[in-house]
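Structure file target.txt; described as compact mmCIF, C-alpha atoms.
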# COMPACT_ATOMS: atom_id res chain seq x y z
CA MET F 1 73.51 124.20 106.10
CA ARG F 2 72.75 125.48 102.59
CA CYS F 3 69.63 127.49 101.95
CA PRO F 4 66.98 125.29 100.23
CA HIS F 5 65.58 128.37 98.45
CA CYS F 6 68.68 129.93 96.82
CA GLN F 7 71.33 127.25 97.58
CA SER F 8 73.51 129.84 99.25
CA ALA F 9 76.03 128.77 101.90
CA SER F 10 75.77 132.14 103.67
CA THR F 11 73.47 130.97 106.42
CA THR F 12 73.45 131.16 110.17
CA GLU F 13 71.68 129.12 112.80
CA ARG F 14 69.14 130.83 115.00
CA SER F 15 68.98 130.32 118.72
CA ASP F 16 65.35 129.16 118.80
CA ARG F 17 63.90 125.93 117.40
CA THR F 18 60.66 124.76 115.85
CA ALA F 19 57.79 123.27 117.85
CA HIS F 20 59.16 119.77 117.12
CA GLY F 21 62.73 120.70 118.12
CA TYR F 22 64.30 121.18 114.69
CA ARG F 23 67.02 123.77 114.17
CA ARG F 24 66.14 127.01 112.43
CA PHE F 25 68.34 129.01 110.06
CA ARG F 26 68.46 132.36 108.29
CA CYS F 27 69.89 133.01 104.84
CA TYR F 28 71.89 136.25 104.37
CA ASP F 29 71.43 136.29 100.58
CA CYS F 30 67.67 135.79 100.13
CA ARG F 31 66.83 136.85 103.73
CA ARG F 32 64.51 133.86 104.18
CA GLN F 33 64.19 131.58 107.18
CA PHE F 34 64.08 127.79 107.07
CA ASN F 35 64.57 124.73 109.24
CA GLU F 36 66.08 121.26 108.87
CA ARG F 37 63.03 119.86 107.06
CA THR F 38 62.44 122.77 104.65
CA GLY F 39 62.65 121.69 101.02
CA SER F 40 62.26 117.98 101.79
CA VAL F 41 59.26 115.65 101.61
CA LEU F 42 59.01 116.06 105.38
CA ASN F 43 58.38 119.79 105.15
CA ARG F 44 55.21 121.05 106.87
CA LEU F 45 54.44 117.71 108.49
CA GLN F 46 52.42 118.01 111.65
CA LEU F 47 54.42 115.34 113.50
CA PRO F 48 58.11 114.68 114.20
CA SER F 49 59.96 112.85 111.42
CA ASP F 50 60.71 109.74 113.48
CA VAL F 51 57.02 109.32 114.32
CA VAL F 52 56.02 109.63 110.65
CA PHE F 53 58.62 107.07 109.59
CA LEU F 54 57.41 104.70 112.32
CA ILE F 55 53.82 105.04 111.09
CA VAL F 56 54.87 104.29 107.51
CA LEU F 57 56.88 101.29 108.72
CA TRP F 58 53.84 99.97 110.61
CA ARG F 59 51.71 100.54 107.53
CA LEU F 60 54.05 98.42 105.41
CA ARG F 61 54.95 95.74 107.93
CA LEU F 62 51.82 95.12 110.03
CA LYS F 63 48.30 94.11 109.07
CA LEU F 64 46.80 97.45 110.06
CA SER F 65 44.45 99.65 108.10
CA LEU F 66 44.88 103.40 107.67
CA ARG F 67 42.23 104.03 110.30
CA ASP F 68 43.81 101.51 112.68
CA LEU F 69 47.06 103.49 112.63
CA ALA F 70 45.26 106.77 113.28
CA GLU F 71 43.40 105.23 116.25
CA ILE F 72 46.54 103.69 117.77
CA LEU F 73 48.42 107.00 117.80
CA LEU F 74 45.33 108.84 119.00
CA LEU F 75 45.73 107.00 122.31
CA ARG F 76 49.17 108.64 122.54
CA GLY F 77 47.77 112.11 121.94
CA LEU F 78 48.77 112.38 118.27
CA VAL F 79 45.83 113.52 116.13
CA PHE F 80 45.83 112.94 112.36
CA SER F 81 43.47 111.41 109.81
CA HIS F 82 43.78 108.16 107.87
CA GLU F 83 44.25 110.23 104.70
CA ALA F 84 47.39 111.71 106.26
CA VAL F 85 48.79 108.17 106.61
CA ARG F 86 48.00 107.53 102.95
CA ASP F 87 49.81 110.73 101.96
CA TRP F 88 52.86 109.88 104.09
CA GLU F 89 53.03 106.43 102.54
CA ALA F 90 52.91 107.89 99.02
CA LYS F 91 55.76 110.30 99.86
CA LEU F 92 58.08 108.11 101.90
CA ALA F 93 57.56 104.55 100.63
CA PRO F 94 59.26 105.17 97.23
CA ARG F 95 62.27 106.77 98.92
CA LEU F 96 62.52 103.96 101.45
CA THR F 97 62.27 101.43 98.63
CA GLU F 98 64.98 103.10 96.59
CA ALA F 99 67.36 103.25 99.57
CA LEU F 100 66.88 99.56 100.34
CA ARG F 101 67.29 98.56 96.68
CA GLN F 102 70.61 100.42 96.49
CA ARG F 103 71.71 98.83 99.75
CA ARG F 104 71.43 95.27 98.42
CA ARG F 105 72.90 95.89 94.97
CA GLY F 106 75.43 93.19 94.15
CA GLU F 107 74.47 91.09 97.20
CA ILE F 108 72.11 88.63 95.48
CA GLY F 109 72.94 85.03 94.55
CA ARG F 110 73.15 83.82 90.96
CA SER F 111 70.45 81.18 91.20
CA TRP F 112 67.03 82.82 90.80
CA TYR F 113 63.55 81.46 91.35
CA VAL F 114 60.85 83.35 89.44
CA ASP F 115 57.08 83.10 89.69
CA GLU F 116 54.00 85.32 89.69
CA THR F 117 51.01 85.60 91.99
CA TYR F 118 47.68 87.39 91.73
CA LEU F 119 46.45 90.67 93.21
CA LYS F 120 43.16 92.44 92.69
CA VAL F 121 43.65 96.01 91.47
CA ALA F 122 40.68 98.26 90.67
CA GLY F 123 38.45 95.20 90.60
CA GLN F 124 40.67 93.33 88.10
CA TRP F 125 43.19 90.57 88.71
CA GLN F 126 46.77 91.55 87.93
CA TYR F 127 50.05 89.65 88.14
CA LEU F 128 52.78 90.31 90.68
CA TYR F 129 56.09 88.94 89.40
CA ARG F 130 58.50 88.06 92.20
CA ALA F 131 61.95 86.49 92.32
CA ILE F 132 64.20 85.28 95.13
CA ASP F 133 67.62 83.65 95.13
CA SER F 134 68.58 80.24 96.52
CA ASP F 135 69.01 81.70 100.03
CA GLY F 136 65.57 83.31 100.02
CA ASN F 137 66.79 86.87 99.47
CA LEU F 138 64.57 89.15 97.40
CA VAL F 139 65.65 89.79 93.81
CA ASP F 140 62.88 92.06 92.53
CA VAL F 141 59.12 92.69 92.39
CA PHE F 142 57.11 93.85 89.38
CA LEU F 143 53.36 94.34 88.96
CA SER F 144 51.92 93.73 85.48
CA ALA F 145 48.44 93.80 83.99
CA THR F 146 49.40 90.93 81.66
CA ARG F 147 51.11 87.58 82.00
CA ASP F 148 53.12 87.18 78.81
CA GLN F 149 56.60 87.39 77.32
CA ALA F 150 56.70 91.20 77.33
CA ALA F 151 55.90 91.34 81.06
CA ALA F 152 58.55 88.71 81.82
CA GLU F 153 61.17 90.60 79.81
CA THR F 154 60.37 93.84 81.64
CA PHE F 155 60.68 92.05 84.97
CA PHE F 156 64.05 90.48 84.11
CA ARG F 157 65.49 93.79 82.92
CA SER F 158 64.28 95.48 86.10
CA ALA F 159 65.90 92.74 88.20
CA ILE F 160 69.23 93.17 86.42
CA LYS F 161 69.10 96.93 86.91
CA VAL F 162 68.34 96.58 90.62
CA THR F 163 70.79 93.82 91.53
CA GLY F 164 73.56 94.46 89.01
CA ILE F 165 73.90 90.69 88.62
CA ILE F 166 73.42 88.29 85.71
CA PRO F 167 72.14 84.95 87.08
CA GLU F 168 73.58 81.57 86.16
CA THR F 169 70.34 79.64 86.70
CA ILE F 170 66.69 80.69 86.53
CA THR F 171 63.95 78.34 87.75
CA THR F 172 60.38 78.99 86.63
CA ASP F 173 57.16 77.09 86.13
CA LYS F 174 56.17 75.87 82.67
CA HIS F 175 54.50 79.08 81.54
CA ALA F 176 55.15 79.63 77.81
CA GLY F 177 56.24 83.27 78.23
CA TYR F 178 59.40 82.56 80.23
CA PRO F 179 61.67 80.69 77.72
CA PRO F 180 61.56 83.36 74.97
CA ALA F 181 61.87 86.14 77.55
CA ILE F 182 64.98 84.55 79.07
CA ASP F 183 66.50 84.02 75.62
CA GLU F 184 65.78 87.63 74.68
CA VAL F 185 67.21 89.19 77.86
CA PHE F 186 70.01 86.78 78.85
CA GLY F 187 70.78 84.80 75.71
CA GLU F 188 72.04 81.23 75.99
CA ASP F 189 74.43 81.85 78.89
CA VAL F 190 71.72 81.33 81.53
CA GLU F 191 70.43 77.85 82.36
CA HIS F 192 66.63 77.74 82.44
CA ARG F 193 65.00 75.07 84.59
CA LYS F 194 61.27 74.51 84.11
CA SER F 195 59.66 72.72 87.03
CA LYS F 196 56.78 73.79 89.26
CA TYR F 197 58.06 71.56 92.07
CA LYS F 198 61.49 73.23 92.30
CA ASN F 199 59.70 76.54 92.86
CA ASN F 200 57.84 75.39 95.96
CA HIS F 201 59.79 77.58 98.38
CA LEU F 202 58.99 80.65 96.24
CA GLU F 203 55.32 79.64 96.29
CA GLN F 204 55.56 79.61 100.08
CA ASP F 205 57.32 82.98 100.03
CA HIS F 206 54.29 84.47 98.25
CA ARG F 207 52.40 84.07 101.52
CA GLY F 208 54.09 87.17 102.91
CA VAL F 209 52.70 89.70 100.43
CA LYS F 210 49.44 87.78 100.00
CA GLY F 211 48.82 87.73 103.74
CA ARG F 212 49.58 91.45 104.02
CA THR F 213 47.42 92.59 101.11
CA ARG F 214 44.47 90.26 101.74
CA PRO F 215 43.02 92.38 104.61
CA MET F 216 43.25 95.45 102.34
CA ARG F 217 40.68 93.92 99.93
CA GLY F 218 42.50 95.05 96.84
CA PHE F 219 43.92 98.34 95.56
CA LYS F 220 42.28 101.27 93.80
CA SER F 221 45.02 101.89 91.23
CA PRO F 222 48.01 100.05 89.71
CA VAL F 223 50.35 102.83 90.84
CA SER F 224 49.48 102.47 94.52
CA ALA F 225 49.52 98.66 94.25
CA ALA F 226 52.98 98.59 92.68
CA ARG F 227 54.32 101.10 95.20
CA PHE F 228 52.97 99.25 98.22
CA CYS F 229 53.97 95.73 97.12
CA ARG F 230 57.50 96.77 96.21
CA ALA F 231 57.97 98.69 99.47
CA TYR F 232 56.51 95.84 101.51
CA ASP F 233 58.83 93.23 100.00
CA GLU F 234 61.88 95.48 100.36
CA VAL F 235 61.16 96.14 104.04
CA ARG F 236 60.35 92.49 104.69
CA ASN F 237 63.60 91.40 103.05
CA PHE F 238 65.62 93.99 104.97
CA LEU F 239 64.16 92.92 108.34
CA ARG F 240 64.60 89.22 107.55
CA PRO F 241 67.05 87.87 110.17
CA ALA F 242 68.05 84.68 108.33
CA THR F 243 70.83 84.66 105.74
CA ARG F 244 69.82 81.33 104.20
CA ARG F 245 66.74 79.17 103.91
CA LYS F 246 65.55 77.18 106.96
CA GLN F 247 68.18 78.84 109.17
CA HIS F 248 67.39 78.78 112.89
CA ILE F 249 67.74 82.15 114.61
CA PRO F 250 67.25 82.29 118.41
CA ALA F 251 64.52 84.65 119.60
CA VAL F 252 66.99 86.92 121.40
CA ARG F 253 69.04 87.28 118.25
CA ARG F 254 65.91 87.96 116.19
CA ARG F 255 64.89 90.80 118.51
CA ALA F 256 68.37 92.33 118.41
CA ILE F 257 68.51 92.21 114.61
CA HIS F 258 65.02 93.71 114.31
CA VAL F 259 65.77 96.63 116.63
CA GLN F 260 69.11 97.31 114.98
CA ARG F 261 67.73 97.34 111.44
CA VAL F 262 64.65 99.39 112.26
CA ALA F 263 66.92 101.98 113.86
CA ALA F 264 69.09 101.96 110.72
Representation of the structure as structure tokens:
Amino acid sequence: MRCPHCQSASTTERSDRTAHGYRRFRCYDCRRQFNERTGSVLNRLQLPSDVVFLIVLWRLRLKLSLRDLAEILLLRGLVFSHEAVRDWEAKLAPRLTEALRQRRRGEIGRSWYVDETYLKVAGQWQYLYRAIDSDGNLVDVFLSATRDQAAAETFFRSAIKVTGIIPETITTDKHAGYPPAIDEVFGEDVEHRKSKYKNNHLEQDHRGVKGRTRPMRGFKSPVSAARFCRAYDEVRNFLRPATRRKQHIPAVRRRAIHVQRVAA
């Protein structure tokens, strides 16, 4: 293992381990000691890495507050504050999001359904742009303080960058900002369908993020709101067992898929 301090390969593993069982090393060049988590975002954490990741996953997936998570693990003898959970989320959620976004690059369908919903951020209503494909797979998420052509263009460019795909059809409601944004980003090669009724399944899909954020009673800053909503939708999409809309998955199969993907 290379030294995180001087990047030297002249290292040797020590016989003892840290309190959490991680291997320890010594560098011959800079004479410093380090372990497996040194130099990473997990450095100096008070708990094992798998426990921290599980807490962040619960934070994103379940309707639990920061204090709820601290109380649940307290019953298992793990002592930390709710502010520690907030700090872990800020460190790990962006990295988890980026890994999941890279994982699904090129795997999205070419028929997109785009709409926006509302979230309260710092006491003000903001707009969460979301898009899914015809099978219900997530395309992208984007939080904006405005609902206009510029916000729609930014969202479409972000979706292209994430998925690596140019859609053939985009279905939106009749908001005036979408047609010029689609023409500006995609040109005339993309068919634009304007109908609020054809977007009903996306309206139903909004219930996921709305149901998760409603108990939180809003966010304090746009940065934390964008980070949480994007991470939540990425995790939700990754743990989704169905591969198409209205697909029936037996309970046994659902449990197996969930356990396998959480372990991954």
Spatial neighbours of Arg67 (chain F), 10 Å, all atoms listed in the file, chain gap at least 6 places, as a ChimeraX atom specification: /F:80-83,85-86
Rows by chain and residue number, region 181-258 of chain F within 12 Å of region 50-62 of chain F, shortest pair, all atoms listed in the file, as a Markdown table:
| residue | atom | partner | partner_atom | distance |
| --- | --- | --- | --- | --- |
| F:Gly208 | CA | F:Arg61 | CA | 10.0 |
| F:Val209 | CA | F:Arg61 | CA | 9.9 |
| F:Gly211 | CA | F:Leu62 | CA | 10.2 |
| F:Arg212 | CA | F:Leu62 | CA | 7.4 |
| F:Thr213 | CA | F:Leu60 | CA | 9.8 |
| F:Pro215 | CA | F:Leu62 | CA | 10.7 |
| F:Met216 | CA | F:Arg59 | CA | 11.2 |
| F:Arg227 | CA | F:Leu60 | CA | 10.6 |
| F:Phe228 | CA | F:Leu60 | CA | 7.3 |
| F:Cys229 | CA | F:Leu60 | CA | 8.7 |
| F:Arg230 | CA | F:Leu60 | CA | 10.0 |
| F:Ala231 | CA | F:Leu60 | CA | 7.1 |
| F:Tyr232 | CA | F:Leu60 | CA | 5.3 |
| F:Asp233 | CA | F:Leu60 | CA | 8.9 |
| F:Glu234 | CA | F:Leu60 | CA | 9.8 |
| F:Val235 | CA | F:Arg61 | CA | 7.3 |
| F:Arg236 | CA | F:Arg61 | CA | 7.1 |
| F:Asn237 | CA | F:Arg61 | CA | 10.8 |
| F:Phe238 | CA | F:Arg61 | CA | 11.2 |
| F:Leu239 | CA | F:Arg61 | CA | 9.6 |
| F:Arg240 | CA | F:Arg61 | CA | 11.7 |
Interatomic distance (Å, one decimal) between CA of Glu168 (chain F) and CA of Glu191 (chain F):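 We find that CA of Glu168 (chain F) and CA of Glu191 (chain F) lie 6.2 Å from each other.
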Interatomic distance, CA of Arg14 (chain F) to CA of Arg2 (chain F) (Å, one decimal):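 Rounded to one decimal, the two atoms are 14.0 Å apart.
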Atom-to-atom span, CA of Pro4 (chain F) and CA of Leu47 (chain F), Å: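 If I compute the distance from CA of Pro4 (chain F) to CA of Leu47 (chain F), I get 20.8 Å.
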Within 10 Å of file point (61.9, 122.1, 111.9), counting all atoms listed in the file, expressed as a ChimeraX atom specification: /F:17-25,34-38,42-45,48-49
Write a file of the just-selected residues containing C-alpha atoms, as a compact mmCIF listing (two decimals), keeping the file's coordinate frame.
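Okay, this is what ended up in again13.txt:
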# COMPACT_ATOMS: atom_id res chain seq x y z
CA ARG F 17 63.90 125.93 117.40
CA THR F 18 60.66 124.76 115.85
CA ALA F 19 57.79 123.27 117.85
CA HIS F 20 59.16 119.77 117.12
CA GLY F 21 62.73 120.70 118.12
CA TYR F 22 64.30 121.18 114.69
CA ARG F 23 67.02 123.77 114.17
CA ARG F 24 66.14 127.01 112.43
CA PHE F 25 68.34 129.01 110.06
CA PHE F 34 64.08 127.79 107.07
CA ASN F 35 64.57 124.73 109.24
CA GLU F 36 66.08 121.26 108.87
CA ARG F 37 63.03 119.86 107.06
CA THR F 38 62.44 122.77 104.65
CA LEU F 42 59.01 116.06 105.38
CA ASN F 43 58.38 119.79 105.15
CA ARG F 44 55.21 121.05 106.87
CA LEU F 45 54.44 117.71 108.49
CA PRO F 48 58.11 114.68 114.20
CA SER F 49 59.96 112.85 111.42
Closest of F:Val252, F:Ile132, F:Ala150, F:Val162 to Leu202 (chain F) - atom-to-atom distances counting all atoms listed in the file: F:Ile132
Exercise: His5 (chain F) partners within 10 Å, only C-alpha atoms, chain neighbours under 4 positions left out, as a compact mmCIF listing (two decimals) with C-alpha atoms, keeping the file's coordinate frame:
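To be explicit, this is the file written out as selection34.txt:
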# COMPACT_ATOMS: atom_id res chain seq x y z
CA CYS F 27 69.89 133.01 104.84
CA CYS F 30 67.67 135.79 100.13
CA ARG F 32 64.51 133.86 104.18
CA GLN F 33 64.19 131.58 107.18
CA PHE F 34 64.08 127.79 107.07
CA THR F 38 62.44 122.77 104.65
CA GLY F 39 62.65 121.69 101.02
For Glu203 (chain F), the nearest of the candidates F:Val223, F:Val114, F:Ala181, F:Ile165, counting only C-alpha atoms: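 Result for the nearest residue to Glu203 (chain F): F:Val114.
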Residue contacts of Pro180 (chain F) (10 Å, only C-alpha atoms) excluding same-chain residues fewer than 3 positions away, as a list in words: Gln149, Ala150, Ala152, Glu153, Ala176, Gly177, Asp183, Glu184, Val185, Phe186 and Gly187 of chain F
Selected residues written out, C-alpha atoms, as a PDB file, keeping the file's coordinate frame:
ATOM      1  CA  GLN F 149      56.600  87.390  77.320  1.00  0.00           C
ATOM      2  CA  ALA F 150      56.700  91.200  77.330  1.00  0.00           C
ATOM      3  CA  ALA F 152      58.550  88.710  81.820  1.00  0.00           C
ATOM      4  CA  GLU F 153      61.170  90.600  79.810  1.00  0.00           C
ATOM      5  CA  ALA F 176      55.150  79.630  77.810  1.00  0.00           C
ATOM      6  CA  GLY F 177      56.240  83.270  78.230  1.00  0.00           C
ATOM      7  CA  ASP F 183      66.500  84.020  75.620  1.00  0.00           C
ATOM      8  CA  GLU F 184      65.780  87.630  74.680  1.00  0.00           C
ATOM      9  CA  VAL F 185      67.210  89.190  77.860  1.00  0.00           C
ATOM     10  CA  PHE F 186      70.010  86.780  78.850  1.00  0.00           C
ATOM     11  CA  GLY F 187      70.780  84.800  75.710  1.00  0.00           C
TER      12      GLY F 187
END
Top pick for closest residue to Pro222 (chain F), considering F:Cys6, F:Leu128, F:Ile257, F:Leu100 and counting all atoms listed in the file: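 Distance minimum relative to Pro222 (chain F) lands on F:Leu128.
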Selection near Val79 (chain F), 8 Å with only C-alpha atoms, sequence-local residues under 5 positions removed, as a VMD selection string: chain F and resid 70 73 to 74
If you keep C-alpha atoms, can you produce a file of those selected residues as a compact mmCIF listing (two decimals), in the frame of the given file?
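Output file result-v1.txt is given in full below:
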# COMPACT_ATOMS: atom_id res chain seq x y z
CA ALA F 70 45.26 106.77 113.28
CA LEU F 73 48.42 107.00 117.80
CA LEU F 74 45.33 108.84 119.00
For His175 (chain F): contacts at 9 Å, all atoms listed in the file, fewer than 4 positions along chain excluded, given as number ranges by chain: F: 148, 179, 194
Distance criterion (only C-alpha atoms): nearest to Tyr197 (chain F) out of F:Arg26, F:Gly164, F:Tyr113, F:Thr169: F:Tyr113
Counting all atoms listed in the file, the option among F:Gly218, F:Pro94, F:Gly109, F:Gly77 closest to Gln126 (chain F):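 When distances to Gln126 (chain F) are compared using all atoms listed in the file, the smallest one comes from F:Gly218.
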